[in-house]
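Visitor: Pasting target04.csv here (CSV, N, CA and C atoms):
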```csv
chain,number,residue,atom,x,y,z
A,1,MET,N,66.4,63.0,39.1
A,1,MET,CA,65.3,63.0,38.2
A,1,MET,C,65.5,62.0,37.0
A,2,ASN,N,66.8,62.0,36.5
A,2,ASN,CA,67.1,61.1,35.4
A,2,ASN,C,66.9,59.7,35.8
A,3,GLN,N,67.2,59.4,37.1
A,3,GLN,CA,67.0,58.0,37.6
A,3,GLN,C,65.5,57.6,37.5
A,4,ILE,N,64.7,58.5,37.9
A,4,ILE,CA,63.2,58.2,37.9
A,4,ILE,C,62.8,58.0,36.5
A,5,ILE,N,63.2,58.8,35.6
A,5,ILE,CA,62.8,58.7,34.2
A,5,ILE,C,63.3,57.4,33.6
A,6,ALA,N,64.6,57.1,33.9
A,6,ALA,CA,65.2,55.8,33.4
A,6,ALA,C,64.4,54.6,34.0
A,7,PHE,N,64.0,54.7,35.3
A,7,PHE,CA,63.2,53.6,35.9
A,7,PHE,C,61.9,53.4,35.2
A,8,LEU,N,61.2,54.6,35.0
A,8,LEU,CA,59.9,54.5,34.3
A,8,LEU,C,60.0,54.0,32.9
A,9,ALA,N,61.1,54.4,32.2
A,9,ALA,CA,61.3,53.9,30.8
A,9,ALA,C,61.6,52.4,30.8
A,10,LYS,N,62.3,51.9,31.8
A,10,LYS,CA,62.6,50.5,31.8
A,10,LYS,C,61.3,49.7,32.1
A,11,ILE,N,60.5,50.1,33.1
A,11,ILE,CA,59.3,49.4,33.4
A,11,ILE,C,58.3,49.5,32.2
A,12,GLY,N,58.2,50.7,31.5
A,12,GLY,CA,57.4,50.9,30.4
A,12,GLY,C,57.8,50.0,29.2
A,13,ALA,N,59.1,49.8,29.0
A,13,ALA,CA,59.6,49.0,28.0
A,13,ALA,C,59.2,47.5,28.2
A,14,MET,N,59.1,47.1,29.5
A,14,MET,CA,58.7,45.8,29.8
A,14,MET,C,57.2,45.5,29.4
A,15,LEU,N,56.4,46.6,29.3
A,15,LEU,CA,55.0,46.4,28.9
A,15,LEU,C,54.8,46.2,27.4
A,16,HIS,N,55.8,46.6,26.6
A,16,HIS,CA,55.6,46.6,25.2
A,16,HIS,C,55.2,45.2,24.6
A,17,PRO,N,55.7,44.1,25.1
A,17,PRO,CA,55.2,42.8,24.5
A,17,PRO,C,53.7,42.5,24.8
A,18,TRP,N,53.1,43.2,25.8
A,18,TRP,CA,51.7,43.0,26.2
A,18,TRP,C,50.8,44.1,25.8
A,19,MET,N,51.3,45.0,24.9
A,19,MET,CA,50.6,46.2,24.5
A,19,MET,C,49.2,45.9,23.9
A,20,SER,N,49.1,44.8,23.1
A,20,SER,CA,47.8,44.5,22.6
A,20,SER,C,46.8,44.1,23.7
A,21,GLU,N,47.2,43.3,24.7
A,21,GLU,CA,46.4,42.9,25.8
A,21,GLU,C,46.0,44.1,26.6
A,22,ILE,N,47.0,45.0,26.9
A,22,ILE,CA,46.7,46.2,27.7
A,22,ILE,C,45.7,47.1,27.0
A,23,ALA,N,45.8,47.3,25.7
A,23,ALA,CA,44.9,48.1,24.9
A,23,ALA,C,43.5,47.5,24.9
A,24,THR,N,43.4,46.2,24.8
A,24,THR,CA,42.1,45.5,24.9
A,24,THR,C,41.5,45.7,26.2
A,25,ALA,N,42.3,45.6,27.3
A,25,ALA,CA,41.8,45.8,28.7
A,25,ALA,C,41.3,47.2,28.8
A,26,LEU,N,42.0,48.2,28.3
A,26,LEU,CA,41.6,49.6,28.4
A,26,LEU,C,40.2,49.8,27.7
A,27,VAL,N,40.1,49.3,26.5
A,27,VAL,CA,38.9,49.5,25.8
A,27,VAL,C,37.7,48.7,26.4
A,28,ALA,N,38.0,47.5,26.9
A,28,ALA,CA,36.9,46.7,27.5
A,28,ALA,C,36.5,47.4,28.8
A,29,CYS,N,37.4,47.9,29.6
A,29,CYS,CA,37.0,48.6,30.9
A,29,CYS,C,36.2,49.8,30.6
A,30,ALA,N,36.6,50.6,29.6
A,30,ALA,CA,35.8,51.8,29.2
A,30,ALA,C,34.4,51.4,28.8
A,31,ILE,N,34.3,50.4,28.0
A,31,ILE,CA,33.0,49.9,27.5
A,31,ILE,C,32.1,49.5,28.7
A,32,VAL,N,32.7,48.8,29.6
A,32,VAL,CA,32.0,48.3,30.8
A,32,VAL,C,31.5,49.5,31.6
A,33,ILE,N,32.3,50.5,31.8
A,33,ILE,CA,31.9,51.7,32.5
A,33,ILE,C,30.8,52.5,31.8
A,34,PHE,N,30.9,52.7,30.5
A,34,PHE,CA,30.0,53.5,29.8
A,34,PHE,C,28.8,52.7,29.2
A,35,ALA,N,28.8,51.4,29.3
A,35,ALA,CA,27.7,50.6,28.7
A,35,ALA,C,26.4,50.9,29.4
A,36,THR,N,26.4,51.2,30.7
A,36,THR,CA,25.2,51.5,31.5
A,36,THR,C,24.6,52.7,30.9
A,37,ASP,N,25.4,53.8,30.7
A,37,ASP,CA,24.8,55.0,30.2
A,37,ASP,C,24.3,54.9,28.8
A,38,ILE,N,25.1,54.1,27.9
A,38,ILE,CA,24.7,53.9,26.6
A,38,ILE,C,23.4,53.1,26.5
A,39,ASN,N,23.3,52.1,27.3
A,39,ASN,CA,22.0,51.3,27.4
A,39,ASN,C,20.8,52.1,27.9
A,40,ARG,N,21.1,53.0,28.8
A,40,ARG,CA,20.0,53.8,29.4
A,40,ARG,C,19.5,54.8,28.3
A,41,ILE,N,20.4,55.3,27.5
A,41,ILE,CA,20.0,56.2,26.4
A,41,ILE,C,19.2,55.4,25.3
A,42,LEU,N,19.7,54.2,25.0
A,42,LEU,CA,19.1,53.4,24.1
A,42,LEU,C,17.7,53.0,24.5
A,43,ARG,N,17.5,52.7,25.8
A,43,ARG,CA,16.2,52.3,26.4
A,43,ARG,C,15.3,53.5,26.3
A,44,LYS,N,15.7,54.7,26.6
A,44,LYS,CA,14.9,55.8,26.5
A,44,LYS,C,14.4,56.2,25.1
A,45,SER,N,15.4,56.0,24.2
A,45,SER,CA,15.0,56.4,22.8
A,45,SER,C,14.1,55.4,22.1
A,46,LEU,N,14.1,54.1,22.6
A,46,LEU,CA,13.3,53.1,22.0
A,46,LEU,C,12.1,52.7,22.9
A,47,ALA,N,11.7,53.6,23.8
A,47,ALA,CA,10.7,53.3,24.8
A,47,ALA,C,9.3,53.0,24.2
A,48,GLY,N,9.0,53.7,23.1
A,48,GLY,CA,7.7,53.5,22.4
A,48,GLY,C,7.7,52.4,21.4
A,49,SER,N,8.8,51.8,21.1
A,49,SER,CA,9.0,50.8,20.1
A,49,SER,C,8.5,49.4,20.6
A,50,GLY,N,8.3,48.5,19.7
A,50,GLY,CA,7.8,47.2,20.1
A,50,GLY,C,8.9,46.3,20.7
A,51,PHE,N,8.5,45.2,21.2
A,51,PHE,CA,9.4,44.3,21.9
A,51,PHE,C,10.6,43.8,20.9
A,52,PHE,N,10.2,43.4,19.7
A,52,PHE,CA,11.2,42.9,18.8
A,52,PHE,C,12.2,44.0,18.4
A,53,VAL,N,11.8,45.2,18.2
A,53,VAL,CA,12.7,46.3,17.9
A,53,VAL,C,13.6,46.6,19.0
A,54,ARG,N,13.1,46.7,20.2
A,54,ARG,CA,13.9,47.0,21.4
A,54,ARG,C,14.9,45.9,21.6
A,55,THR,N,14.5,44.6,21.6
A,55,THR,CA,15.4,43.5,21.8
A,55,THR,C,16.4,43.4,20.7
A,56,SER,N,16.1,43.6,19.4
A,56,SER,CA,17.0,43.6,18.4
A,56,SER,C,18.1,44.7,18.5
A,57,ALA,N,17.7,45.9,18.9
A,57,ALA,CA,18.6,47.0,19.1
A,57,ALA,C,19.5,46.7,20.2
A,58,PHE,N,19.0,46.2,21.3
A,58,PHE,CA,19.8,45.8,22.5
A,58,PHE,C,20.9,44.8,22.1
A,59,VAL,N,20.5,43.7,21.4
A,59,VAL,CA,21.4,42.7,20.9
A,59,VAL,C,22.5,43.3,20.0
A,60,MET,N,22.0,44.1,19.0
A,60,MET,CA,23.0,44.7,18.1
A,60,MET,C,24.0,45.6,18.8
A,61,ILE,N,23.6,46.4,19.7
A,61,ILE,CA,24.5,47.3,20.4
A,61,ILE,C,25.4,46.5,21.3
A,62,ASN,N,24.8,45.6,22.1
A,62,ASN,CA,25.6,44.9,23.1
A,62,ASN,C,26.5,43.8,22.5
A,63,ALA,N,26.0,43.0,21.7
A,63,ALA,CA,26.8,41.9,21.1
A,63,ALA,C,27.7,42.4,20.0
A,64,PHE,N,27.1,43.1,19.1
A,64,PHE,CA,27.9,43.4,17.9
A,64,PHE,C,28.6,44.8,18.0
A,65,GLY,N,27.9,45.7,18.6
A,65,GLY,CA,28.5,47.1,18.7
A,65,GLY,C,29.7,47.1,19.6
A,66,TYR,N,29.6,46.6,20.8
A,66,TYR,CA,30.7,46.6,21.8
A,66,TYR,C,31.8,45.7,21.3
A,67,GLY,N,31.4,44.5,20.7
A,67,GLY,CA,32.4,43.6,20.2
A,67,GLY,C,33.2,44.3,19.1
A,68,LEU,N,32.5,44.9,18.2
A,68,LEU,CA,33.2,45.6,17.1
A,68,LEU,C,34.1,46.8,17.6
A,69,ALA,N,33.6,47.4,18.6
A,69,ALA,CA,34.5,48.5,19.2
A,69,ALA,C,35.8,48.0,19.8
A,70,ILE,N,35.6,46.9,20.5
A,70,ILE,CA,36.8,46.3,21.1
A,70,ILE,C,37.8,45.8,20.0
A,71,VAL,N,37.3,45.1,19.0
A,71,VAL,CA,38.1,44.6,18.0
A,71,VAL,C,38.8,45.7,17.1
A,72,SER,N,38.1,46.8,16.9
A,72,SER,CA,38.6,47.8,16.0
A,72,SER,C,39.4,48.9,16.7
A,73,ILE,N,39.0,49.2,17.9
A,73,ILE,CA,39.7,50.3,18.7
A,73,ILE,C,41.0,49.7,19.3
A,74,SER,N,41.0,48.5,19.8
A,74,SER,CA,42.2,48.0,20.5
A,74,SER,C,43.5,48.0,19.7
A,75,PRO,N,43.5,47.5,18.5
A,75,PRO,CA,44.7,47.6,17.7
A,75,PRO,C,45.2,49.0,17.4
A,76,TRP,N,44.3,49.9,17.2
A,76,TRP,CA,44.6,51.3,17.0
A,76,TRP,C,45.3,51.9,18.3
A,77,LEU,N,44.6,51.6,19.4
A,77,LEU,CA,45.1,52.1,20.7
A,77,LEU,C,46.5,51.5,21.0
A,78,ALA,N,46.7,50.2,20.7
A,78,ALA,CA,48.0,49.6,21.0
A,78,ALA,C,49.1,50.3,20.1
A,79,GLY,N,48.7,50.6,18.9
A,79,GLY,CA,49.7,51.3,18.0
A,79,GLY,C,50.1,52.6,18.5
A,80,GLN,N,49.0,53.4,19.0
A,80,GLN,CA,49.3,54.7,19.6
A,80,GLN,C,50.2,54.6,20.8
A,81,LEU,N,49.9,53.6,21.7
A,81,LEU,CA,50.7,53.5,22.9
A,81,LEU,C,52.1,53.0,22.6
A,82,ARG,N,52.3,52.2,21.6
A,82,ARG,CA,53.6,51.7,21.2
A,82,ARG,C,54.5,52.9,20.7
A,83,SER,N,53.8,53.8,20.1
A,83,SER,CA,54.6,54.9,19.5
A,83,SER,C,55.1,56.0,20.5
A,84,MET,N,54.6,55.9,21.7
A,84,MET,CA,54.9,56.8,22.8
A,84,MET,C,56.3,56.4,23.4
A,85,PRO,N,57.0,57.4,24.0
A,85,PRO,CA,58.2,57.0,24.8
A,85,PRO,C,57.7,56.1,26.0
A,86,SER,N,58.5,55.2,26.3
A,86,SER,CA,58.1,54.1,27.3
A,86,SER,C,57.7,54.7,28.6
A,87,GLN,N,58.4,55.8,29.1
A,87,GLN,CA,58.1,56.3,30.4
A,87,GLN,C,56.7,57.0,30.4
A,88,TRP,N,56.4,57.7,29.3
A,88,TRP,CA,55.1,58.4,29.2
A,88,TRP,C,54.0,57.4,29.0
A,89,MET,N,54.2,56.3,28.2
A,89,MET,CA,53.3,55.3,28.0
A,89,MET,C,52.9,54.6,29.3
A,90,LEU,N,53.8,54.3,30.1
A,90,LEU,CA,53.6,53.7,31.4
A,90,LEU,C,52.7,54.6,32.3
A,91,LEU,N,53.1,55.9,32.3
A,91,LEU,CA,52.3,56.8,33.2
A,91,LEU,C,50.9,57.0,32.6
A,92,LEU,N,50.7,57.0,31.3
A,92,LEU,CA,49.4,57.2,30.7
A,92,LEU,C,48.5,56.0,30.9
A,93,VAL,N,49.1,54.8,30.8
A,93,VAL,CA,48.3,53.5,31.0
A,93,VAL,C,47.8,53.5,32.4
A,94,VAL,N,48.8,53.7,33.4
A,94,VAL,CA,48.4,53.7,34.8
A,94,VAL,C,47.4,54.8,35.1
A,95,GLY,N,47.6,55.9,34.5
A,95,GLY,CA,46.6,57.0,34.7
A,95,GLY,C,45.2,56.7,34.2
A,96,ILE,N,45.2,56.1,33.0
A,96,ILE,CA,43.9,55.8,32.4
A,96,ILE,C,43.2,54.7,33.3
A,97,PHE,N,43.9,53.7,33.7
A,97,PHE,CA,43.3,52.7,34.6
A,97,PHE,C,42.8,53.3,35.9
A,98,PHE,N,43.5,54.2,36.5
A,98,PHE,CA,43.1,54.9,37.7
A,98,PHE,C,41.9,55.8,37.4
A,99,ALA,N,41.9,56.5,36.3
A,99,ALA,CA,40.7,57.3,35.9
A,99,ALA,C,39.4,56.5,35.7
A,100,ILE,N,39.6,55.3,35.0
A,100,ILE,CA,38.4,54.4,34.8
A,100,ILE,C,37.9,53.9,36.2
A,101,GLY,N,38.9,53.6,37.1
A,101,GLY,CA,38.5,53.1,38.4
A,101,GLY,C,37.8,54.2,39.2
A,102,ALA,N,38.3,55.4,39.1
A,102,ALA,CA,37.7,56.6,39.8
A,102,ALA,C,36.3,56.8,39.3
A,103,TRP,N,36.2,56.8,38.0
A,103,TRP,CA,34.9,57.0,37.3
A,103,TRP,C,33.9,55.9,37.8
A,104,ALA,N,34.3,54.7,37.8
A,104,ALA,CA,33.4,53.6,38.3
A,104,ALA,C,33.0,53.8,39.8
A,105,GLN,N,34.0,54.2,40.6
A,105,GLN,CA,33.7,54.4,42.0
A,105,GLN,C,32.7,55.5,42.2
A,106,ARG,N,33.0,56.6,41.4
A,106,ARG,CA,32.1,57.8,41.6
A,106,ARG,C,30.7,57.5,41.1
A,107,ASN,N,30.5,56.6,40.1
A,107,ASN,CA,29.2,56.2,39.7
A,107,ASN,C,28.7,55.0,40.3
A,108,ARG,N,29.4,54.5,41.3
A,108,ARG,CA,29.0,53.4,42.1
A,108,ARG,C,28.8,52.1,41.3
A,109,GLN,N,29.7,51.9,40.3
A,109,GLN,CA,29.6,50.7,39.5
A,109,GLN,C,30.6,49.6,40.0
A,110,VAL,N,31.3,49.9,41.1
A,110,VAL,CA,32.2,48.9,41.7
A,110,VAL,C,31.6,48.4,43.0
```
Any chance you could put this one into structure tokens?

Guide:
Amino acid sequence: MNQIIAFLAKIGAMLHPWMSEIATALVACAIVIFATDINRILRKSLAGSGFFVRTSAFVMINAFGYGLAIVSISPWLAGQLRSMPSQWMLLLVVGIFFAIGAWAQRNRQV
């Protein structure tokens, strides 16, 4: 068991230099998966509005909202992941990517 933990810790430590990129990928993948639902809710809530209002809201949410989310959440997530023990960080990152992939598959987004 100690060998497995040591192996996971070693592999996890190798990911630390790329933690910012990993966090950005996690946030971007989550946004890609949930953007369809967010846009559907936005479309329903603005159904009676004029073309300019709907288009402006769509641009604000998609261009600025998602971009702001990636820029602001990624550094925070990278810091949280860096503070974890390497073996747990590795398992969590792999688990989150698998969960996002399973969610996408279940919702037929892949």

Visitor: How many Å separate atom C of Leu68 in chain A from atom N of Val32 in chain A?

Guide: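 Calculated distance between atom C of Leu68 in chain A and atom N of Val32 in chain A is 12.2 Å.
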
Visitor: Find, counting only N, CA and C atoms, the residue in A:Ala13, A:Leu92, A:Ile70, A:Ala57 that gets nearest to Val27 in chain A.

Guide: A:Ile70

Visitor: Could you please determine the separation between CA of Asn39 in chain A and CA of Phe58 in chain A in Å, to one decimal place?

Guide: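 The value is 7.7 Å.
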
Visitor: Measuring atom to atom with all atoms listed in the file, identify which of A:Ala28, A:Leu81, A:Val53, A:Met19 is nearest to Ala69 in chain A.

Guide: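 Residue with the minimum atom-to-atom distance to Ala69 in chain A: A:Ala28.
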
Visitor: Just checking: using only C-alpha atoms, which residue out of A:Leu26, A:Ile11, A:Ser83, A:Met1 ends up closest to Gly95 in chain A?

Guide: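 Closest residue, counting only C-alpha atoms: A:Leu26.
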
Visitor: Record the distance separating atom C of Ala47 in chain A and atom C of Ala35 in chain A, expressed in Å with one decimal.

Guide: 18.0 Å

Visitor: As number ranges by chain, please: every residue in range 8-105 of chain A that a backbone DSSP assignment puts in alpha helix (DSSP H).

Guide: A: 8-15, 19-45, 51-59, 66-82, 86-105

Visitor: Neighbourhood query: residues within 9 Å of (44.4, 48.2, 19.7), file coordinates, counting only C-alpha atoms; return as number ranges by chain.

Guide: A: 19-24, 27, 70-81
